[in-house]
$ cat run-v2.cif   # mmCIF, C-alpha atoms
data_target
#
loop_
_atom_site.label_atom_id
_atom_site.label_comp_id
_atom_site.auth_asym_id
_atom_site.auth_seq_id
_atom_site.Cartn_x
_atom_site.Cartn_y
_atom_site.Cartn_z
CA MET A 6 119.15 85.20 101.89
CA THR A 7 116.81 87.96 102.86
CA ARG A 8 117.86 91.26 101.48
CA HIS A 9 115.05 93.24 102.99
CA PRO A 10 114.78 92.21 106.60
CA PRO A 11 111.99 93.87 108.55
CA SER A 12 114.64 96.09 110.14
CA ILE A 13 114.67 98.39 107.13
CA ASP A 14 113.17 101.57 108.49
CA ASP A 15 110.54 103.89 107.05
CA GLU A 16 113.02 106.63 106.23
CA SER A 17 115.20 104.27 104.23
CA LEU A 18 112.24 103.08 102.20
CA ILE A 19 111.15 106.65 101.56
CA ALA A 20 114.72 107.54 100.59
CA ALA A 21 114.78 104.64 98.14
CA LEU A 22 111.46 105.62 96.58
CA ARG A 23 112.53 109.21 96.20
CA LEU A 24 116.05 108.44 94.99
CA THR A 25 114.85 106.13 92.28
CA GLY A 26 111.80 108.28 91.54
CA GLY A 27 114.24 110.90 90.29
CA HIS A 28 112.15 113.95 91.20
CA ASP A 29 114.43 115.34 93.87
CA PRO A 30 117.85 115.97 92.34
CA VAL A 31 120.71 117.12 94.57
CA PRO A 32 120.89 120.91 94.43
CA ALA A 33 124.12 122.10 92.81
CA HIS A 34 125.12 124.11 95.88
CA VAL A 35 124.92 120.99 98.06
CA SER A 36 127.38 119.13 95.84
CA ALA A 37 129.62 122.17 95.59
CA ALA A 38 129.68 122.50 99.39
CA ALA A 39 130.54 118.80 99.67
CA ARG A 40 133.48 119.22 97.32
CA ALA A 41 134.66 122.25 99.30
CA VAL A 42 134.68 120.23 102.53
CA TYR A 43 137.83 118.53 101.30
CA GLY A 44 139.70 121.81 101.77
CA LEU A 45 138.97 121.55 105.50
CA ARG A 46 140.74 118.29 106.13
CA MET A 47 143.60 118.36 108.61
CA PRO A 48 146.09 115.68 107.64
CA GLY A 49 147.90 114.33 110.68
CA ALA A 50 145.60 115.96 113.21
CA THR A 51 144.08 113.95 116.03
CA THR A 52 140.31 114.33 116.36
CA ALA A 53 139.03 115.20 119.83
CA GLN A 54 135.67 113.53 120.28
CA PRO A 55 132.70 114.90 122.20
CA ALA A 56 132.71 113.85 125.83
CA ALA A 57 130.31 114.28 128.71
CA THR A 58 130.19 117.90 129.87
CA PRO A 59 131.67 118.66 133.29
CA THR A 60 128.42 119.99 134.78
CA PRO A 61 124.82 119.07 134.13
CA VAL A 62 123.22 121.31 131.57
CA GLY A 63 119.88 122.83 132.37
CA VAL A 64 117.08 123.91 130.12
CA ARG A 65 118.34 124.89 126.72
CA SER A 66 117.90 128.57 126.17
CA ALA A 67 119.52 131.17 123.99
CA ASP A 68 120.66 133.11 127.03
CA GLU A 69 122.38 130.33 128.88
CA PRO A 70 125.84 129.22 127.98
CA ARG A 71 126.11 125.73 126.64
CA LEU A 72 129.07 123.70 127.70
CA LEU A 73 130.76 121.35 125.30
CA ARG A 74 133.71 119.09 125.97
CA PHE A 75 135.96 117.39 123.46
CA ALA A 76 138.58 114.91 124.54
CA ALA A 77 141.64 113.53 122.78
CA ALA A 78 144.19 111.22 124.32
CA GLU A 79 146.31 113.91 125.90
CA LEU A 80 144.18 117.03 126.02
CA THR A 81 140.67 118.27 126.57
CA VAL A 82 138.96 121.26 125.01
CA ASP A 83 136.08 122.78 126.95
CA LEU A 84 133.89 125.32 125.22
CA GLU A 85 131.31 127.68 126.57
CA VAL A 86 128.95 128.68 123.82
CA THR A 87 126.76 131.74 123.98
CA SER A 88 124.77 133.34 121.23
CA MET A 89 123.72 136.90 120.76
CA ASP A 90 122.02 138.61 117.84
CA GLY A 91 122.19 135.43 115.85
CA LEU A 92 125.96 135.13 116.19
CA VAL A 93 127.95 132.74 118.32
CA ASP A 94 130.61 133.47 120.94
CA LEU A 95 133.01 130.79 122.10
CA ALA A 96 135.12 130.84 125.25
CA GLY A 97 137.50 127.94 125.42
CA GLN A 98 139.80 126.20 127.83
CA VAL A 99 142.46 123.75 126.72
CA SER A 100 143.67 121.50 129.49
CA PRO A 101 146.21 120.73 130.53
CA PRO A 102 147.56 124.02 129.15
CA PRO A 103 149.74 123.04 126.20
CA GLU A 104 153.25 124.29 125.52
CA ALA A 105 153.97 127.96 124.87
CA GLY A 106 153.40 129.03 121.30
CA THR A 107 150.27 126.91 120.84
CA ARG A 108 147.86 128.58 118.49
CA VAL A 109 144.15 127.93 118.35
CA GLU A 110 142.11 128.12 115.19
CA VAL A 111 138.35 128.26 115.27
CA ARG A 112 137.23 127.04 111.89
CA THR A 113 133.84 127.45 110.30
CA LEU A 114 132.89 126.56 106.76
CA HIS A 115 133.48 130.10 105.64
CA LEU A 116 136.05 131.71 107.90
CA THR A 117 138.82 130.81 110.30
CA GLU A 118 139.76 132.83 113.39
CA SER A 119 143.22 132.36 114.86
CA ARG A 120 144.15 133.06 118.48
CA GLU A 121 147.26 132.76 120.60
CA LEU A 122 146.46 130.53 123.56
CA SER A 123 146.92 132.19 126.96
CA PRO A 124 149.49 130.59 129.33
CA THR A 125 146.56 129.12 131.29
CA GLY A 126 145.11 127.60 128.13
CA GLN A 127 142.25 129.97 127.45
CA PHE A 128 140.97 131.62 124.31
CA ALA A 129 137.85 133.39 123.10
CA VAL A 130 136.29 134.13 119.75
CA THR A 131 133.19 136.24 119.29
CA GLY A 132 130.72 136.92 116.53
CA LEU A 133 130.98 133.63 114.66
CA PRO A 134 128.30 132.71 112.15
CA PRO A 135 126.10 129.87 113.39
CA GLY A 136 126.63 126.50 111.80
CA TRP A 137 129.42 123.98 111.69
CA PHE A 138 132.64 124.67 113.54
CA SER A 139 135.79 122.97 114.75
CA VAL A 140 138.57 124.15 117.08
CA VAL A 141 142.12 123.19 116.17
CA CYS A 142 145.09 123.40 118.55
CA HIS A 143 148.34 123.80 116.66
CA ARG A 144 151.12 122.81 119.02
CA PRO A 145 154.72 123.61 118.07
CA GLU A 146 156.16 120.30 119.28
CA HIS A 147 153.23 117.94 118.92
CA SER A 148 150.63 117.00 116.38
CA SER A 149 147.55 119.18 116.04
CA VAL A 150 144.30 118.30 117.75
CA ALA A 151 140.99 119.19 116.09
CA THR A 152 137.60 118.96 117.76
CA SER A 153 135.07 116.93 115.86
CA TRP A 154 132.87 119.16 113.67
CA THR A 155 129.86 120.37 115.61
CA ARG A 156 126.83 122.33 114.60
CA ILE A 157 125.78 125.31 116.64
CA ARG A 158 122.63 127.25 116.08
CA PRO A 159 121.62 130.25 118.09
CA MET B 11 137.78 104.44 90.24
CA SER B 12 136.83 101.98 93.00
CA ASP B 13 135.95 103.24 96.45
CA GLN B 14 139.19 101.73 97.68
CA HIS B 15 141.23 103.77 95.24
CA GLY B 16 139.05 106.80 95.79
CA ILE B 17 139.64 106.78 99.52
CA SER B 18 143.36 106.09 99.21
CA ALA B 19 143.72 108.92 96.72
CA ALA B 20 141.61 111.28 98.83
CA LEU B 21 143.82 110.44 101.81
CA ALA B 22 146.85 111.24 99.70
CA GLY B 23 145.51 114.70 98.95
CA ASP B 24 143.74 114.18 95.64
CA GLN B 25 140.83 116.59 95.39
CA ALA B 26 139.63 114.93 92.18
CA ALA B 27 139.28 111.62 94.03
CA TRP B 28 137.23 113.33 96.71
CA ASP B 29 135.07 114.97 94.06
CA MET B 30 134.39 111.53 92.62
CA LEU B 31 133.25 110.27 96.02
CA VAL B 32 130.98 113.29 96.25
CA GLY B 33 129.59 112.63 92.79
CA ARG B 34 129.01 108.99 93.56
CA PHE B 35 127.27 109.40 96.90
CA SER B 36 125.59 112.83 96.84
CA GLY B 37 122.29 111.51 95.54
CA LEU B 38 122.23 108.75 98.14
CA LEU B 39 122.89 111.19 100.98
CA TRP B 40 120.41 113.75 99.73
CA SER B 41 117.64 111.17 99.56
CA ALA B 42 118.63 109.78 102.94
CA VAL B 43 118.25 113.12 104.72
CA ARG B 44 115.22 114.33 102.76
CA ALA B 45 113.32 111.26 103.93
CA TYR B 46 113.24 112.87 107.37
CA ASP B 47 110.94 115.60 106.02
CA LEU B 48 113.62 118.23 106.41
CA SER B 49 113.50 121.53 104.59
CA ALA B 50 115.98 121.97 101.77
CA ALA B 51 118.18 124.15 104.02
CA ASP B 52 118.22 121.61 106.86
CA ALA B 53 118.80 118.78 104.43
CA ALA B 54 121.79 120.64 102.99
CA ASP B 55 123.09 121.11 106.53
CA ALA B 56 122.78 117.40 107.33
CA VAL B 57 124.54 116.39 104.12
CA GLN B 58 127.30 118.87 104.82
CA GLY B 59 127.72 117.42 108.30
CA THR B 60 128.03 113.95 106.81
CA TRP B 61 130.90 115.00 104.55
CA LEU B 62 132.59 116.75 107.46
CA ARG B 63 132.41 113.47 109.39
CA LEU B 64 134.01 111.69 106.48
CA VAL B 65 136.80 114.22 106.10
CA GLU B 66 137.71 113.88 109.77
CA SER B 67 137.37 110.09 109.70
CA LEU B 68 138.96 109.30 106.34
CA HIS B 69 142.09 107.80 107.86
CA THR B 70 140.02 105.46 110.03
CA ILE B 71 138.05 103.90 107.17
CA ARG B 72 139.26 100.33 107.10
CA ASP B 73 136.75 98.84 104.75
CA PRO B 74 136.23 101.12 101.75
CA ASP B 75 133.62 98.75 100.32
CA ARG B 76 131.33 99.87 103.09
CA ILE B 77 131.88 103.57 102.65
CA GLY B 78 128.38 103.84 101.16
CA SER B 79 126.86 102.22 104.25
CA TRP B 80 128.92 104.39 106.52
CA LEU B 81 127.88 107.58 104.74
CA PHE B 82 124.24 106.52 104.59
CA THR B 83 124.11 105.67 108.30
CA THR B 84 125.88 108.90 109.23
CA ALA B 85 123.54 110.99 107.07
CA LYS B 86 120.50 109.35 108.64
CA ARG B 87 121.77 110.14 112.11
CA GLU B 88 122.50 113.75 111.22
CA ALA B 89 119.04 114.11 109.71
CA SER B 90 117.33 112.39 112.61
CA LEU B 91 119.04 114.75 115.07
CA LEU B 92 117.97 117.80 113.09
CA SER B 93 114.46 116.52 112.73
CA ARG B 94 114.16 115.86 116.46
CA ARG B 95 115.55 119.29 117.16
CA ASN B 96 113.03 120.87 114.83
CA ARG B 97 110.26 119.06 116.65
CA GLY B 98 111.45 120.75 119.83
CA GLU B 99 113.12 117.84 121.53
CA ARG B 100 115.76 119.06 123.91
CA LEU B 101 119.17 118.41 122.51
CA MET B 102 122.47 119.77 123.65
CA ALA B 103 123.60 122.22 120.99
CA ASP B 104 123.42 119.45 118.43
CA THR B 105 126.40 117.95 120.12
CA GLU B 106 124.71 114.66 120.56
CA HIS B 107 127.03 113.48 117.99
CA ALA B 108 125.67 111.98 114.91
CA HIS B 109 128.61 110.01 113.67
CA PRO B 110 129.31 106.39 114.28
CA ASP B 111 132.28 105.72 116.51
CA PRO B 112 135.19 106.58 114.21
CA ALA B 113 137.31 103.86 115.76
CA ARG B 114 134.84 101.44 114.23
CA ALA B 115 134.27 103.42 111.08
CA GLY B 116 135.69 100.68 108.95
CA GLN B 117 133.51 98.05 110.51
CA VAL B 118 130.05 99.43 109.97
CA HIS B 119 127.68 96.62 109.18
CA PRO B 120 126.13 97.03 105.79
CA ASP B 121 122.86 98.79 106.36
CA PRO B 122 120.14 96.63 104.81
CA ALA B 123 118.67 99.85 103.48
CA VAL B 124 121.63 100.50 101.24
CA THR B 125 120.77 97.50 99.10
CA VAL B 126 117.45 99.12 98.29
CA LEU B 127 119.20 102.22 97.09
CA THR B 128 120.46 100.85 93.82
CA ALA B 129 118.85 101.34 90.44
CA ASP B 130 117.81 97.68 90.12
CA GLU B 131 116.29 97.54 93.55
CA GLY B 132 114.64 100.87 92.94
CA ARG B 133 112.87 99.52 89.86
CA ARG B 134 111.76 96.50 91.85
CA LEU B 135 110.47 98.79 94.55
CA TRP B 136 108.41 100.80 92.07
CA ARG B 137 107.04 97.63 90.47
CA ALA B 138 105.81 96.67 93.91
CA VAL B 139 104.26 100.12 94.36
CA GLU B 140 102.44 99.77 91.02
CA GLU B 141 100.76 96.64 92.35
CA MET B 142 99.53 98.33 95.49
CA HIS B 143 95.94 99.34 96.11
CA GLU B 144 94.85 102.88 96.84
CA PRO B 145 95.58 105.03 98.66
CA CYS B 146 99.09 103.58 98.93
CA ARG B 147 99.90 103.66 95.24
CA SER B 148 98.92 107.32 94.82
CA LEU B 149 100.47 108.25 98.11
CA PHE B 150 103.89 106.94 97.09
CA LEU B 151 103.70 108.38 93.60
CA LEU B 152 102.79 111.77 94.98
CA MET B 153 105.38 111.60 97.74
CA ALA B 154 108.12 110.92 95.22
CA ALA B 155 106.89 113.42 92.65
CA ALA B 156 106.43 116.33 95.07
CA PRO B 157 109.39 116.20 97.44
CA ASP B 158 108.77 119.71 98.72
CA ALA B 159 105.08 119.32 99.41
CA GLY B 160 104.08 119.50 103.05
CA VAL B 161 101.81 117.03 104.81
CA HIS B 162 98.84 119.36 104.45
CA GLN B 163 99.29 119.66 100.70
CA LEU B 164 99.90 115.94 100.18
CA ALA B 165 96.89 115.02 102.28
CA GLY B 166 94.75 117.51 100.33
CA ARG B 167 95.73 116.04 97.01
CA LEU B 168 94.99 112.56 98.28
CA GLY B 169 91.63 113.73 99.59
CA MET B 170 92.31 112.81 103.18
CA PRO B 171 92.48 114.88 106.38
CA SER B 172 95.99 116.07 107.26
CA GLY B 173 95.95 114.01 110.43
CA SER B 174 95.46 110.82 108.42
CA TYR B 175 98.48 111.27 106.18
CA GLY B 176 101.14 110.15 108.64
CA PRO B 177 99.35 107.03 109.86
CA THR B 178 98.32 106.11 106.31
CA ARG B 179 101.85 106.52 105.05
CA GLY B 180 103.04 104.33 107.93
CA ARG B 181 100.57 101.58 107.00
CA CYS B 182 101.51 101.81 103.32
CA LEU B 183 105.21 101.55 104.16
CA ASN B 184 104.48 98.46 106.25
CA ARG B 185 102.60 96.90 103.34
CA LEU B 186 105.42 97.70 100.95
CA ARG B 187 107.94 96.16 103.31
CA THR B 188 105.84 93.04 103.58
CA MET B 189 105.49 92.79 99.80
CA LEU B 190 109.24 93.06 99.34
CA THR B 191 109.88 90.40 101.94
CA ALA B 192 107.28 88.14 100.36
CA GLN B 193 108.94 88.56 96.95
CA GLU B 194 112.18 87.39 98.43
CA ALA B 195 110.58 84.35 99.94
CA THR B 196 109.33 83.34 96.50
CA PRO B 197 112.12 81.80 94.47
#
$ encode --input "run-v2.cif" --output "structure tokens"
Amino acid sequence: MTRHPPSIDDESLIAALRLTGGHDPVPAHVSAAARAVYGLRMPGATTAQPAATPTPVGVRSADEPRLLRFAAAELTVDLEVTSMDGLVDLAGQVSPPPEAGTRVEVRTLHLTESRELSPTGQFAVTGLPPGWFSVVCHRPEHSSVATSWTRIRP
Amino acid sequence: MSDQHGISAALAGDQAAWDMLVGRFSGLLWSAVRAYDLSAADAADAVQGTWLRLVESLHTIRDPDRIGSWLFTTAKREASLLSRRNRGERLMADTEHAHPDPARAGQVHPDPAVTVLTADEGRRLWRAVEEMHEPCRSLFLLMAAAPDAGVHQLAGRLGMPSGSYGPTRGRCLNRLRTMLTAQEATP
């Protein structure tokens, strides 16, 4: 049996050399952040996965909105992302519009913003710190849907 | 605690079980992302993303024995995305998602690389490095000993032009791979 087929890539070899070389220990804050991630789990929530965006996206630029789409079995979350002054604004559309009383949470690693969803399924949150975020729809009669964690940088 | 128990307990809400998974795999993930020449901040970001993927995919993990492979593969993808982004490749808001299809999360094939990332294999790897000629031997020793050194600095210490470092490292990695394969072929 060959344990090291040629398919092992450069980065994996470098990782192995460094890991076993022992000169690059994991910084304490990285492990602490990893432990804290557990507090963000959403038991029972369905994860909406990234899907193709509705319109072609042009040249990436800080001024142009970026469109993201996340799809679960029964609903879609579309997000328009803009950034200003190093912070991130999100305008969202949940479709089809879920039942009345649905609440949307925009979660980042450090803060969570909660919004009542409009009857047409829209919400907006401004001034978020850049980094990882997830949008959760809490529906009164159905299970919650959370968008897969996504990283946004201005 | 086995990975099986760890994942079951983490699913059941046991923070201590999660912390054990973190303790067990943090070093692996850190090395995996640092191999992409990321800064410490970007590497931390990629590792964080990997744990976020796990927390949202925990309930889909069908084969806990392969959790290490799954984490390793996911970390490499996160790091590769960040590295490409840093090099200016056009990516959509980092939404080119880095995680393996969660529906198949339990069926990830064991990454051959993961076998190298054990203490025994690591020692074998370094024995092979010790047998290498220059500049490969020094290059690997330096690369491991100075994880934060940039290409310019590493090249300087090896006495080669900066532009030669990347190609030389590539050739040395190829040699090392060949040596490891040859070792296996010898009973």
$ resolve_selection --input "run-v2.cif" --expression "the PyMOL selection byres ((chain A and resi 77) around 12)" --output "mmCIF file with C-alpha atoms, in the frame of the given file"
data_model
loop_
_atom_site.group_PDB
_atom_site.id
_atom_site.type_symbol
_atom_site.label_atom_id
_atom_site.label_comp_id
_atom_site.auth_asym_id
_atom_site.auth_seq_id
_atom_site.Cartn_x
_atom_site.Cartn_y
_atom_site.Cartn_z
ATOM 1 C CA ALA A 50 145.600 115.960 113.210
ATOM 2 C CA THR A 51 144.080 113.950 116.030
ATOM 3 C CA THR A 52 140.310 114.330 116.360
ATOM 4 C CA ALA A 53 139.030 115.200 119.830
ATOM 5 C CA GLN A 54 135.670 113.530 120.280
ATOM 6 C CA PRO A 55 132.700 114.900 122.200
ATOM 7 C CA ALA A 56 132.710 113.850 125.830
ATOM 8 C CA ARG A 74 133.710 119.090 125.970
ATOM 9 C CA PHE A 75 135.960 117.390 123.460
ATOM 10 C CA ALA A 76 138.580 114.910 124.540
ATOM 11 C CA ALA A 78 144.190 111.220 124.320
ATOM 12 C CA GLU A 79 146.310 113.910 125.900
ATOM 13 C CA LEU A 80 144.180 117.030 126.020
ATOM 14 C CA THR A 81 140.670 118.270 126.570
ATOM 15 C CA VAL A 82 138.960 121.260 125.010
ATOM 16 C CA ASP A 83 136.080 122.780 126.950
ATOM 17 C CA VAL A 99 142.460 123.750 126.720
ATOM 18 C CA SER A 100 143.670 121.500 129.490
ATOM 19 C CA PRO A 101 146.210 120.730 130.530
ATOM 20 C CA VAL A 141 142.120 123.190 116.170
ATOM 21 C CA CYS A 142 145.090 123.400 118.550
ATOM 22 C CA SER A 148 150.630 117.000 116.380
ATOM 23 C CA SER A 149 147.550 119.180 116.040
ATOM 24 C CA VAL A 150 144.300 118.300 117.750
ATOM 25 C CA ALA A 151 140.990 119.190 116.090
ATOM 26 C CA THR A 152 137.600 118.960 117.760
ATOM 27 C CA SER A 153 135.070 116.930 115.860
#
$ atom_distance --input "run-v2.cif" --atom1 "CA of Ala45 (chain B)" --atom2 "CA of Glu16 (chain A)"
5.2 Å
$ resolve_selection --input "run-v2.cif" --expression "the PyMOL selection byres ((chain B and resi 135-142) around 8)" --output "list of chain:residue names"
A:Leu22, B:Val126, B:Glu131, B:Gly132, B:Arg133, B:Arg134, B:His143, B:Glu144, B:Cys146, B:Arg147, B:Phe150, B:Leu186, B:Met189, B:Leu190
$ closest_residue --input "run-v2.cif" --among "A:Glu110, A:Asp94, A:Glu85, A:Glu104" --to "Arg144 (chain A)" --atoms "only C-alpha atoms"
A:Glu104
$ resolve_selection --input "run-v2.cif" --expression "the PyMOL selection byres ((chain B and resi 25) around 12)" --output "ChimeraX atom specification"
/A:39-46 /B:16-24,26-32,65
$ atom_distance --input "run-v2.cif" --atom1 "CA of Trp137 (chain A)" --atom2 "CA of Thr113 (chain A)"
5.8 Å
$ atom_distance --input "run-v2.cif" --atom1 "CA of Leu116 (chain A)" --atom2 "CA of Ser139 (chain A)"
11.1 Å
$ residues_near_point --input "run-v2.cif" --point "(136.0, 132.4, 110.0)" --cutoff "12 Å" --atoms "only C-alpha atoms" --output "ChimeraX atom specification"
/A:93,110-120,130-140
$ closest_residue --input "run-v2.cif" --among "A:Leu92, A:Thr125, A:Arg156, A:Val109" --to "chain B" --atoms "only C-alpha atoms"
A:Arg156
$ residues_around --input "run-v2.cif" --residues "Gln163 (chain B)" --least-positions-apart "6" --cutoff "12 Å" --atoms "only C-alpha atoms" --output "ChimeraX atom specification"
/B:149,152-153,156-157,169-173,175
$ closest_residue --input "run-v2.cif" --among "B:Gly78, B:Pro177, B:Gly166, B:Gly59" --to "chain A" --atoms "only C-alpha atoms"
B:Gly59
$ residues_near_point --input "run-v2.cif" --point "(126.0, 110.8, 104.7)" --cutoff "12 Å" --atoms "only C-alpha atoms" --output "PyMOL selection string"
(chain A and resi 39) or (chain B and resi 31-32+34-44+53-65+77-90+108-110+124)
